[in-house]
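The structure appears right after this line, and notes come after that.
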There are 2 protein chains.
Amino acid sequence: MPNEAPHSDLSVARQAFRDELVVADLLIPMGIDGLYGRSGTFEAIVDDVDALVRRTGYRVHGEEPMVRRFPPVYPREAFERTDYIASFPNLTGAVSTFTGGDKQHRALLADRDAGLPWDGHLAAAGTMLVSAACHPVYATLPGILPDNGVLLDIYGYCFRHEPAVDPARMQAFRMHEYVFAGDAQRAQEHRDAWVGHGLAVLAHLGLSAAAMPANDPFFGRVGKMLATNQRADELKTELVVRLYGDLDDGTALVSANCHRDHFGETFGLRTADGAVAHSACVGFGMERIALALLRTHGTDPACWPADVRAALHR
Amino acid sequence: MPNEAPHSDLSVARQAFRDELVVADLLIPMGIDGLYGRSGTFEAIVDDVDALVRRTGYRVHGEEPMVRRFPPVYPREAFERTDYIASFPNLTGAVSTFTGGDKQHRALLADRDAGLPWDGHLAAAGTMLVSAACHPVYATLPGILPDNGVLLDIYGYCFRHEPAVDPARMQAFRMHEYVFAGDAQRAQEHRDAWVGHGLAVLAHLGLSAAAMPANDPFFGRVGKMLATNQRADELKTELVVRLYGDLDDGTALVSANCHRDHFGETFGLRTADGAVAHSACVGFGMERIALALLRTHGTDPACWPADVRAALHR
């Protein structure tokens, strides 16, 4: 997350865009940065963009992808295997709950009544918030993958704890992914091909996107090295649109990633011939694409250019 | 949640239903009770049921309801006002994250490497999982409501920590609500009218439902009194279908509730003439309705009765 001074041009531009979205009743403030209610108009944009993404998925993959929809929480055991807590602890959402009896509950309420924190009375609930839509799927795959690997169509809510004024950096947002797991070559091809398909989707929407080598925001000093390696090995490509002109480096609307054997190794996935499976995914950031449309074409979708409305079947 | 012996007839029936759903690739086990991936077939049922609910909402309310969609987490300050932690602490999901630096992160990872719990290294993230779809909306309403009150159409994921074998008791599930906030009489009427509309929806789906006075599963000894009062005052009506014959009292697919002035009081909502606002809601449990269809008409939706398929526009 880029740090900026609270009164910088960038900060002012982000705040102004957020205000505009709120005034137009597209996003509804919930009292803390990065969380919003969505109006019917905003949701209809997300749904129409999603239909375009699905039509593209069908054109590319036909009926092959298995559809998987996961809830916003998943088991801690699967989370542990992603190693996310090592790389992105600051974005993580762990779930806790109350497991005591009447007496312990009275103690919790007494602290609460006294204005004290009461989280110390809770215990781990065995679940974590989903950080990337595909994370829950790997633990559900068979240890030996089918001959041609497996293609997955996954859509769900993600959580990342990074409160920000920028409406394009939400704490909770939806990601639609096409994931491949199988042999190394097809994983690489999946990633590479979806850079092009993703650019085509954004072009249909009248969004001027550029494919950029990128890295995840790995945490801390060790993370700096991981980020450098990820970028050097060209494992992550982001499709970036400039929502704020030259004030920043742009906003990633789509991300295409090769995981190499990371998930294959940690989730014990092998190809039919016994090799550790490779995987790759493309993720469409649904709220970000909707926001880029609103930023580029205006906050009234009825006034968007005819070809953009046609691409959305409006 | 009814306690039952692990080998009781009820427990066996629930386990068998869950196994049947898994074998039919409708639900995908995620390794812990109450969390499932959904297949494309299952999601299509949920979407078609939801379209029927929305058509019913349109027939009853026309264009009046404001559409609001919230993410699965919401601010702790709004959660505190619901008083949920006092009444349902055991169902709650609090979110925590890591806020330290490199050194604290190394300490977390050292505990993790040693197989120790690492939640103690986390801090409250300022958010809670949403327990009922309407909970996030009250804090977004104006303190003085419009003359005729406000009608809301809300759909979202809910979390309740109650792991169970019964597939109809999920930890994460979706609820579609129509909520009214305004004067006391219209709130009561909203609740009462939706008992009938809800029964009509379920009848269209070929589900034999009964309207039953009910109470929430309030926690602990004090909770027993709250539950008794709620039932005696007929504040909660559930539309119940017997998924397991006579083995239990049935499963609530829809719940219609009058909150009286509870949310008006705690969220500071007043009617145009200055009275504390009353509120009421009807909530359709989307996964439960889909499961009732699968239980009643079979696990292959292509073979459902013609009138049920027609009601779903299939």
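A note on labels: chains of the structure tokens are A, B, ... as shown, every chain counts residues from 1, and ligands are counted from 1 in their shown order.
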
Excluding same-chain residues fewer than 6 positions from Ile32 (chain A), what lies within 9 Å of it counting only C-alpha atoms, as a PyMOL selection string?
(chain A and resi 163-164) or (chain B and resi 74-75+126)

Residue set, region 3-238 of chain B restricted to strand (DSSP E or B), as a PDB file with C-alpha atoms, in the first residue's frame:
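File out_11.pdb, as written:
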```pdb
ATOM      1  CA  LEU B  27     -21.532 -29.554  -1.579  1.00  0.00           C
ATOM      2  CA  ILE B  28     -17.756 -29.930  -1.349  1.00  0.00           C
ATOM      3  CA  PRO B  29     -16.392 -30.787   2.117  1.00  0.00           C
ATOM      4  CA  TYR B  36     -18.679 -26.319   2.287  1.00  0.00           C
ATOM      5  CA  GLY B  37     -17.737 -25.331  -1.205  1.00  0.00           C
ATOM      6  CA  ARG B  38     -20.741 -25.057  -3.530  1.00  0.00           C
ATOM      7  CA  SER B  39     -20.792 -26.560  -6.989  1.00  0.00           C
ATOM      8  CA  MET B  66     -33.378   0.318  -1.288  1.00  0.00           C
ATOM      9  CA  VAL B  67     -30.939  -2.363  -2.380  1.00  0.00           C
ATOM     10  CA  ARG B  68     -28.017  -2.764   0.007  1.00  0.00           C
ATOM     11  CA  ARG B  69     -25.306  -5.397  -0.267  1.00  0.00           C
ATOM     12  CA  VAL B  73     -17.371  -8.243   7.763  1.00  0.00           C
ATOM     13  CA  TYR B  74     -18.538  -5.009   9.345  1.00  0.00           C
ATOM     14  CA  PRO B  75     -17.235  -2.507  11.878  1.00  0.00           C
ATOM     15  CA  ALA B  94     -14.362 -11.556  15.811  1.00  0.00           C
ATOM     16  CA  VAL B  95     -11.592 -10.692  13.356  1.00  0.00           C
ATOM     17  CA  SER B  96      -7.998 -10.194  14.411  1.00  0.00           C
ATOM     18  CA  THR B  97      -4.856  -9.461  12.455  1.00  0.00           C
ATOM     19  CA  ALA B 123      -4.685  -7.754  17.651  1.00  0.00           C
ATOM     20  CA  ALA B 124      -8.349  -6.889  17.069  1.00  0.00           C
ATOM     21  CA  ALA B 125      -8.816  -5.782  13.456  1.00  0.00           C
ATOM     22  CA  GLY B 126     -11.781  -3.482  14.118  1.00  0.00           C
ATOM     23  CA  THR B 127     -14.251  -5.764  12.346  1.00  0.00           C
ATOM     24  CA  MET B 128     -16.627  -8.631  13.099  1.00  0.00           C
ATOM     25  CA  LEU B 129     -18.184 -11.239  10.871  1.00  0.00           C
ATOM     26  CA  ILE B 144     -34.395  10.700  11.486  1.00  0.00           C
ATOM     27  CA  VAL B 150     -37.505   2.852   5.041  1.00  0.00           C
ATOM     28  CA  LEU B 151     -37.690  -0.482   3.230  1.00  0.00           C
ATOM     29  CA  LEU B 152     -34.475  -2.362   2.479  1.00  0.00           C
ATOM     30  CA  ASP B 153     -33.549  -5.305   0.283  1.00  0.00           C
ATOM     31  CA  ILE B 154     -30.413  -6.902   1.775  1.00  0.00           C
ATOM     32  CA  TYR B 155     -28.556 -10.021   0.713  1.00  0.00           C
ATOM     33  CA  GLY B 156     -25.291 -11.285   2.085  1.00  0.00           C
ATOM     34  CA  TYR B 157     -23.180 -13.887   3.812  1.00  0.00           C
ATOM     35  CA  CYS B 158     -23.687 -14.558   7.503  1.00  0.00           C
ATOM     36  CA  PHE B 159     -21.382 -16.352   9.937  1.00  0.00           C
ATOM     37  CA  ALA B 172     -21.362 -19.542   6.694  1.00  0.00           C
ATOM     38  CA  PHE B 173     -24.547 -19.107   4.663  1.00  0.00           C
ATOM     39  CA  ARG B 174     -26.504 -16.484   2.765  1.00  0.00           C
ATOM     40  CA  MET B 175     -29.624 -14.691   3.887  1.00  0.00           C
ATOM     41  CA  HIS B 176     -31.874 -12.493   1.742  1.00  0.00           C
ATOM     42  CA  GLU B 177     -33.838 -10.027   3.843  1.00  0.00           C
ATOM     43  CA  TYR B 178     -36.555  -7.443   3.442  1.00  0.00           C
ATOM     44  CA  VAL B 179     -36.253  -5.016   6.323  1.00  0.00           C
ATOM     45  CA  PHE B 180     -38.531  -2.232   7.434  1.00  0.00           C
ATOM     46  CA  ALA B 181     -37.625   0.537   9.886  1.00  0.00           C
ATOM     47  CA  GLY B 182     -40.139   3.203  10.850  1.00  0.00           C
ATOM     48  CA  ALA B 210     -45.565 -24.534   8.763  1.00  0.00           C
ATOM     49  CA  ALA B 211     -45.402 -21.141  10.492  1.00  0.00           C
ATOM     50  CA  MET B 212     -44.218 -21.681  14.071  1.00  0.00           C
ATOM     51  CA  PRO B 213     -43.665 -19.261  16.961  1.00  0.00           C
ATOM     52  CA  LYS B 236     -40.328 -14.390  15.937  1.00  0.00           C
ATOM     53  CA  THR B 237     -42.081 -16.686  13.479  1.00  0.00           C
ATOM     54  CA  GLU B 238     -40.213 -19.366  11.599  1.00  0.00           C
TER      55      GLU B 238
END
```

Skipping near chain neighbours, those fewer than 4 positions away, what residues fall within 10 Å of Arg169 (chain B) using only C-alpha atoms, listed as a list in words?
Met1, Asp33, Gly34, Leu35, Arg160, His161, Glu162, Pro163, Ala164, Val165, Phe173, Thr251, Glu287 and Arg288 of chain B

Convert the current residue selection to file output with N, CA and C atoms, as a PDB file, in the first residue's frame.
```pdb
ATOM      1  N   MET B   1     -29.034 -25.252  19.074  1.00  0.00           N
ATOM      2  CA  MET B   1     -28.678 -26.435  18.296  1.00  0.00           C
ATOM      3  C   MET B   1     -29.018 -27.677  19.129  1.00  0.00           C
ATOM      4  N   ASP B  33     -16.735 -29.259  10.075  1.00  0.00           N
ATOM      5  CA  ASP B  33     -18.196 -29.275  10.012  1.00  0.00           C
ATOM      6  C   ASP B  33     -18.755 -27.873   9.754  1.00  0.00           C
ATOM      7  N   GLY B  34     -19.722 -27.815   8.854  1.00  0.00           N
ATOM      8  CA  GLY B  34     -20.466 -26.575   8.647  1.00  0.00           C
ATOM      9  C   GLY B  34     -19.883 -25.646   7.596  1.00  0.00           C
ATOM     10  N   LEU B  35     -18.759 -26.015   6.993  1.00  0.00           N
ATOM     11  CA  LEU B  35     -18.200 -25.220   5.889  1.00  0.00           C
ATOM     12  C   LEU B  35     -18.116 -26.084   4.644  1.00  0.00           C
ATOM     13  N   ARG B 160     -22.036 -17.921  11.646  1.00  0.00           N
ATOM     14  CA  ARG B 160     -22.380 -18.310  13.016  1.00  0.00           C
ATOM     15  C   ARG B 160     -21.554 -19.525  13.380  1.00  0.00           C
ATOM     16  N   HIS B 161     -20.812 -19.399  14.475  1.00  0.00           N
ATOM     17  CA  HIS B 161     -19.925 -20.474  14.865  1.00  0.00           C
ATOM     18  C   HIS B 161     -20.719 -21.571  15.570  1.00  0.00           C
ATOM     19  N   GLU B 162     -21.270 -22.490  14.764  1.00  0.00           N
ATOM     20  CA  GLU B 162     -21.971 -23.632  15.356  1.00  0.00           C
ATOM     21  C   GLU B 162     -21.738 -24.851  14.470  1.00  0.00           C
ATOM     22  N   PRO B 163     -20.482 -25.371  14.505  1.00  0.00           N
ATOM     23  CA  PRO B 163     -20.144 -26.518  13.654  1.00  0.00           C
ATOM     24  C   PRO B 163     -21.111 -27.671  13.909  1.00  0.00           C
ATOM     25  N   ALA B 164     -21.640 -28.266  12.828  1.00  0.00           N
ATOM     26  CA  ALA B 164     -22.615 -29.341  12.969  1.00  0.00           C
ATOM     27  C   ALA B 164     -22.530 -30.258  11.764  1.00  0.00           C
ATOM     28  N   VAL B 165     -22.901 -31.509  11.978  1.00  0.00           N
ATOM     29  CA  VAL B 165     -22.941 -32.466  10.871  1.00  0.00           C
ATOM     30  C   VAL B 165     -24.089 -32.132   9.917  1.00  0.00           C
ATOM     31  N   PHE B 173     -23.385 -18.899   5.540  1.00  0.00           N
ATOM     32  CA  PHE B 173     -24.547 -19.107   4.663  1.00  0.00           C
ATOM     33  C   PHE B 173     -25.089 -17.739   4.261  1.00  0.00           C
ATOM     34  N   THR B 251     -36.712 -27.756  10.222  1.00  0.00           N
ATOM     35  CA  THR B 251     -35.644 -26.791   9.941  1.00  0.00           C
ATOM     36  C   THR B 251     -36.285 -25.491   9.483  1.00  0.00           C
ATOM     37  N   GLU B 287     -29.285 -21.154   1.508  1.00  0.00           N
ATOM     38  CA  GLU B 287     -28.768 -22.526   1.462  1.00  0.00           C
ATOM     39  C   GLU B 287     -29.816 -23.509   1.994  1.00  0.00           C
ATOM     40  N   ARG B 288     -30.520 -23.124   3.047  1.00  0.00           N
ATOM     41  CA  ARG B 288     -31.520 -24.044   3.607  1.00  0.00           C
ATOM     42  C   ARG B 288     -32.663 -24.318   2.635  1.00  0.00           C
TER      43      ARG B 288
END
```

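CA of Leu269 (chain B) sits 26.3 Å away from CA of Ala214 (chain B).
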
Just want the 12 Å neighbourhood of region 76-79 of chain B, counted on only C-alpha atoms, with same-chain residues fewer than 4 positions away dropped. Output as a ChimeraX atom specification.
/A:30-32,35,117-119 /B:83-86,88-89,92-96,124-132,134-141,263,266-268

So which residues touch Gly149 (chain A) within 12 Å, counting only C-alpha atoms, skipping near sequence neighbours fewer than 5 positions away, as a list in words?
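The residues that qualify are Glu64, Pro65, Met66, Leu141, Pro142, Gly143, Ile144, Val179, Phe180, Ala181, Gly182, Asp183, Ala184, Gln185, Arg186, Ala187, His190, Gly264, Leu269, Arg270, Thr271, Ala272, Asp273, Ala275, Val276, Ala277, His278, Ser279 and Ala280 of chain A.
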
Keeping N, CA and C atoms for every residue in the selection just given, could you write it to a file as an mmCIF file, in the first residue's frame?
```cif
data_model
loop_
_atom_site.group_PDB
_atom_site.id
_atom_site.type_symbol
_atom_site.label_atom_id
_atom_site.label_comp_id
_atom_site.auth_asym_id
_atom_site.auth_seq_id
_atom_site.Cartn_x
_atom_site.Cartn_y
_atom_site.Cartn_z
ATOM 1 N N GLU A 64 -15.085 -26.834 -19.583
ATOM 2 C CA GLU A 64 -14.095 -27.580 -18.792
ATOM 3 C C GLU A 64 -13.991 -27.148 -17.319
ATOM 4 N N PRO A 65 -14.026 -25.849 -17.016
ATOM 5 C CA PRO A 65 -13.791 -25.484 -15.609
ATOM 6 C C PRO A 65 -14.863 -26.023 -14.663
ATOM 7 N N MET A 66 -14.428 -26.552 -13.529
ATOM 8 C CA MET A 66 -15.345 -26.908 -12.437
ATOM 9 C C MET A 66 -15.687 -25.629 -11.685
ATOM 10 N N LEU A 141 -8.868 -30.566 -3.603
ATOM 11 C CA LEU A 141 -8.500 -31.308 -4.813
ATOM 12 C C LEU A 141 -7.928 -32.678 -4.451
ATOM 13 N N PRO A 142 -8.074 -33.651 -5.361
ATOM 14 C CA PRO A 142 -7.491 -34.970 -5.091
ATOM 15 C C PRO A 142 -5.960 -34.891 -5.120
ATOM 16 N N GLY A 143 -5.289 -35.713 -4.319
ATOM 17 C CA GLY A 143 -3.829 -35.702 -4.233
ATOM 18 C C GLY A 143 -3.165 -36.015 -5.562
ATOM 19 N N ILE A 144 -3.783 -36.890 -6.351
ATOM 20 C CA ILE A 144 -3.304 -37.154 -7.715
ATOM 21 C C ILE A 144 -4.301 -36.499 -8.666
ATOM 22 N N VAL A 179 -8.468 -20.891 -12.370
ATOM 23 C CA VAL A 179 -7.283 -21.519 -11.788
ATOM 24 C C VAL A 179 -6.974 -22.789 -12.556
ATOM 25 N N PHE A 180 -5.700 -23.014 -12.806
ATOM 26 C CA PHE A 180 -5.282 -24.307 -13.348
ATOM 27 C C PHE A 180 -4.304 -24.951 -12.375
ATOM 28 N N ALA A 181 -4.446 -26.258 -12.187
ATOM 29 C CA ALA A 181 -3.432 -27.023 -11.441
ATOM 30 C C ALA A 181 -3.135 -28.281 -12.242
ATOM 31 N N GLY A 182 -1.870 -28.546 -12.476
ATOM 32 C CA GLY A 182 -1.474 -29.711 -13.265
ATOM 33 C C GLY A 182 0.001 -29.619 -13.627
ATOM 34 N N ASP A 183 0.325 -29.867 -14.889
ATOM 35 C CA ASP A 183 1.759 -29.879 -15.206
ATOM 36 C C ASP A 183 2.288 -28.456 -15.381
ATOM 37 N N ALA A 184 3.615 -28.347 -15.266
ATOM 38 C CA ALA A 184 4.270 -27.038 -15.207
ATOM 39 C C ALA A 184 4.030 -26.233 -16.476
ATOM 40 N N GLN A 185 4.090 -26.915 -17.619
ATOM 41 C CA GLN A 185 3.984 -26.163 -18.873
ATOM 42 C C GLN A 185 2.590 -25.559 -19.035
ATOM 43 N N ARG A 186 1.567 -26.383 -18.752
ATOM 44 C CA ARG A 186 0.215 -25.854 -18.955
ATOM 45 C C ARG A 186 -0.102 -24.750 -17.938
ATOM 46 N N ALA A 187 0.508 -24.859 -16.727
ATOM 47 C CA ALA A 187 0.306 -23.798 -15.732
ATOM 48 C C ALA A 187 0.866 -22.478 -16.265
ATOM 49 N N HIS A 190 -1.364 -21.177 -18.985
ATOM 50 C CA HIS A 190 -2.611 -20.622 -18.438
ATOM 51 C C HIS A 190 -2.384 -19.175 -18.012
ATOM 52 N N GLY A 264 1.174 -26.871 -5.006
ATOM 53 C CA GLY A 264 1.330 -28.311 -5.207
ATOM 54 C C GLY A 264 2.128 -28.942 -4.066
ATOM 55 N N LEU A 269 -0.197 -31.950 -3.880
ATOM 56 C CA LEU A 269 -0.863 -32.244 -5.156
ATOM 57 C C LEU A 269 0.174 -32.731 -6.167
ATOM 58 N N ARG A 270 -0.142 -33.845 -6.825
ATOM 59 C CA ARG A 270 0.771 -34.387 -7.839
ATOM 60 C C ARG A 270 0.030 -34.598 -9.155
ATOM 61 N N THR A 271 0.789 -34.532 -10.236
ATOM 62 C CA THR A 271 0.204 -34.824 -11.549
ATOM 63 C C THR A 271 0.093 -36.336 -11.698
ATOM 64 N N ALA A 272 -0.616 -36.748 -12.774
ATOM 65 C CA ALA A 272 -0.826 -38.184 -12.999
ATOM 66 C C ALA A 272 0.503 -38.930 -13.110
ATOM 67 N N ASP A 273 1.557 -38.263 -13.624
ATOM 68 C CA ASP A 273 2.854 -38.959 -13.736
ATOM 69 C C ASP A 273 3.745 -38.762 -12.521
ATOM 70 N N ALA A 275 4.728 -36.019 -10.720
ATOM 71 C CA ALA A 275 5.460 -34.782 -10.409
ATOM 72 C C ALA A 275 4.637 -33.889 -9.471
ATOM 73 N N VAL A 276 5.316 -33.052 -8.713
ATOM 74 C CA VAL A 276 4.606 -32.068 -7.898
ATOM 75 C C VAL A 276 3.858 -31.123 -8.852
ATOM 76 N N ALA A 277 2.562 -30.929 -8.580
ATOM 77 C CA ALA A 277 1.744 -30.109 -9.482
ATOM 78 C C ALA A 277 2.166 -28.643 -9.428
ATOM 79 N N HIS A 278 2.093 -27.997 -10.569
ATOM 80 C CA HIS A 278 2.212 -26.545 -10.638
ATOM 81 C C HIS A 278 0.806 -25.951 -10.719
ATOM 82 N N SER A 279 0.705 -24.673 -10.410
ATOM 83 C CA SER A 279 -0.600 -24.035 -10.547
ATOM 84 C C SER A 279 -0.428 -22.588 -10.987
ATOM 85 N N ALA A 280 -1.518 -22.050 -11.496
ATOM 86 C CA ALA A 280 -1.540 -20.664 -11.967
ATOM 87 C C ALA A 280 -2.969 -20.170 -11.894
#
```

Got a sec: who's within 12 Å of Gly101 (chain A), counting only C-alpha atoms, leaving out chain neighbours fewer than 5 positions off, as a PyMOL selection string?
(chain A and resi 106-108+121-122) or (chain B and resi 88-90+219-222)

Output N, CA and C atoms for every residue in that selection, as a PDB file, in the first residue's frame.
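Final output, saved to result-v1.pdb:
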```pdb
ATOM      1  N   ARG A 106     -19.992 -13.700  31.847  1.00  0.00           N
ATOM      2  CA  ARG A 106     -20.174 -12.547  32.737  1.00  0.00           C
ATOM      3  C   ARG A 106     -18.883 -11.734  32.830  1.00  0.00           C
ATOM      4  N   ALA A 107     -17.750 -12.433  32.843  1.00  0.00           N
ATOM      5  CA  ALA A 107     -16.459 -11.732  32.903  1.00  0.00           C
ATOM      6  C   ALA A 107     -16.226 -10.912  31.637  1.00  0.00           C
ATOM      7  N   LEU A 108     -16.585 -11.498  30.495  1.00  0.00           N
ATOM      8  CA  LEU A 108     -16.458 -10.759  29.221  1.00  0.00           C
ATOM      9  C   LEU A 108     -17.313  -9.489  29.271  1.00  0.00           C
ATOM     10  N   HIS A 121     -11.209 -12.755  25.996  1.00  0.00           N
ATOM     11  CA  HIS A 121     -12.144 -13.796  26.439  1.00  0.00           C
ATOM     12  C   HIS A 121     -12.538 -14.751  25.318  1.00  0.00           C
ATOM     13  N   LEU A 122     -12.016 -14.495  24.114  1.00  0.00           N
ATOM     14  CA  LEU A 122     -12.374 -15.333  22.965  1.00  0.00           C
ATOM     15  C   LEU A 122     -11.296 -16.387  22.702  1.00  0.00           C
TER      16      LEU A 122
ATOM     17  N   PHE B  88     -25.527 -13.743  22.045  1.00  0.00           N
ATOM     18  CA  PHE B  88     -25.072 -14.900  21.249  1.00  0.00           C
ATOM     19  C   PHE B  88     -23.539 -14.953  21.169  1.00  0.00           C
ATOM     20  N   PRO B  89     -22.849 -14.881  22.313  1.00  0.00           N
ATOM     21  CA  PRO B  89     -21.379 -14.816  22.254  1.00  0.00           C
ATOM     22  C   PRO B  89     -20.773 -16.026  21.547  1.00  0.00           C
ATOM     23  N   ASN B  90     -21.411 -17.183  21.731  1.00  0.00           N
ATOM     24  CA  ASN B  90     -20.886 -18.447  21.211  1.00  0.00           C
ATOM     25  C   ASN B  90     -21.011 -18.557  19.697  1.00  0.00           C
ATOM     26  N   PHE B 219     -27.985 -17.111  24.620  1.00  0.00           N
ATOM     27  CA  PHE B 219     -26.954 -17.826  25.372  1.00  0.00           C
ATOM     28  C   PHE B 219     -27.234 -17.821  26.878  1.00  0.00           C
ATOM     29  N   GLY B 220     -26.996 -18.936  27.503  1.00  0.00           N
ATOM     30  CA  GLY B 220     -26.865 -19.014  28.950  1.00  0.00           C
ATOM     31  C   GLY B 220     -28.165 -18.884  29.732  1.00  0.00           C
ATOM     32  N   ARG B 221     -27.990 -18.672  31.039  1.00  0.00           N
ATOM     33  CA  ARG B 221     -29.149 -18.667  31.934  1.00  0.00           C
ATOM     34  C   ARG B 221     -30.035 -17.459  31.721  1.00  0.00           C
ATOM     35  N   VAL B 222     -29.416 -16.285  31.595  1.00  0.00           N
ATOM     36  CA  VAL B 222     -30.203 -15.082  31.330  1.00  0.00           C
ATOM     37  C   VAL B 222     -30.918 -15.229  29.989  1.00  0.00           C
TER      38      VAL B 222
END
```
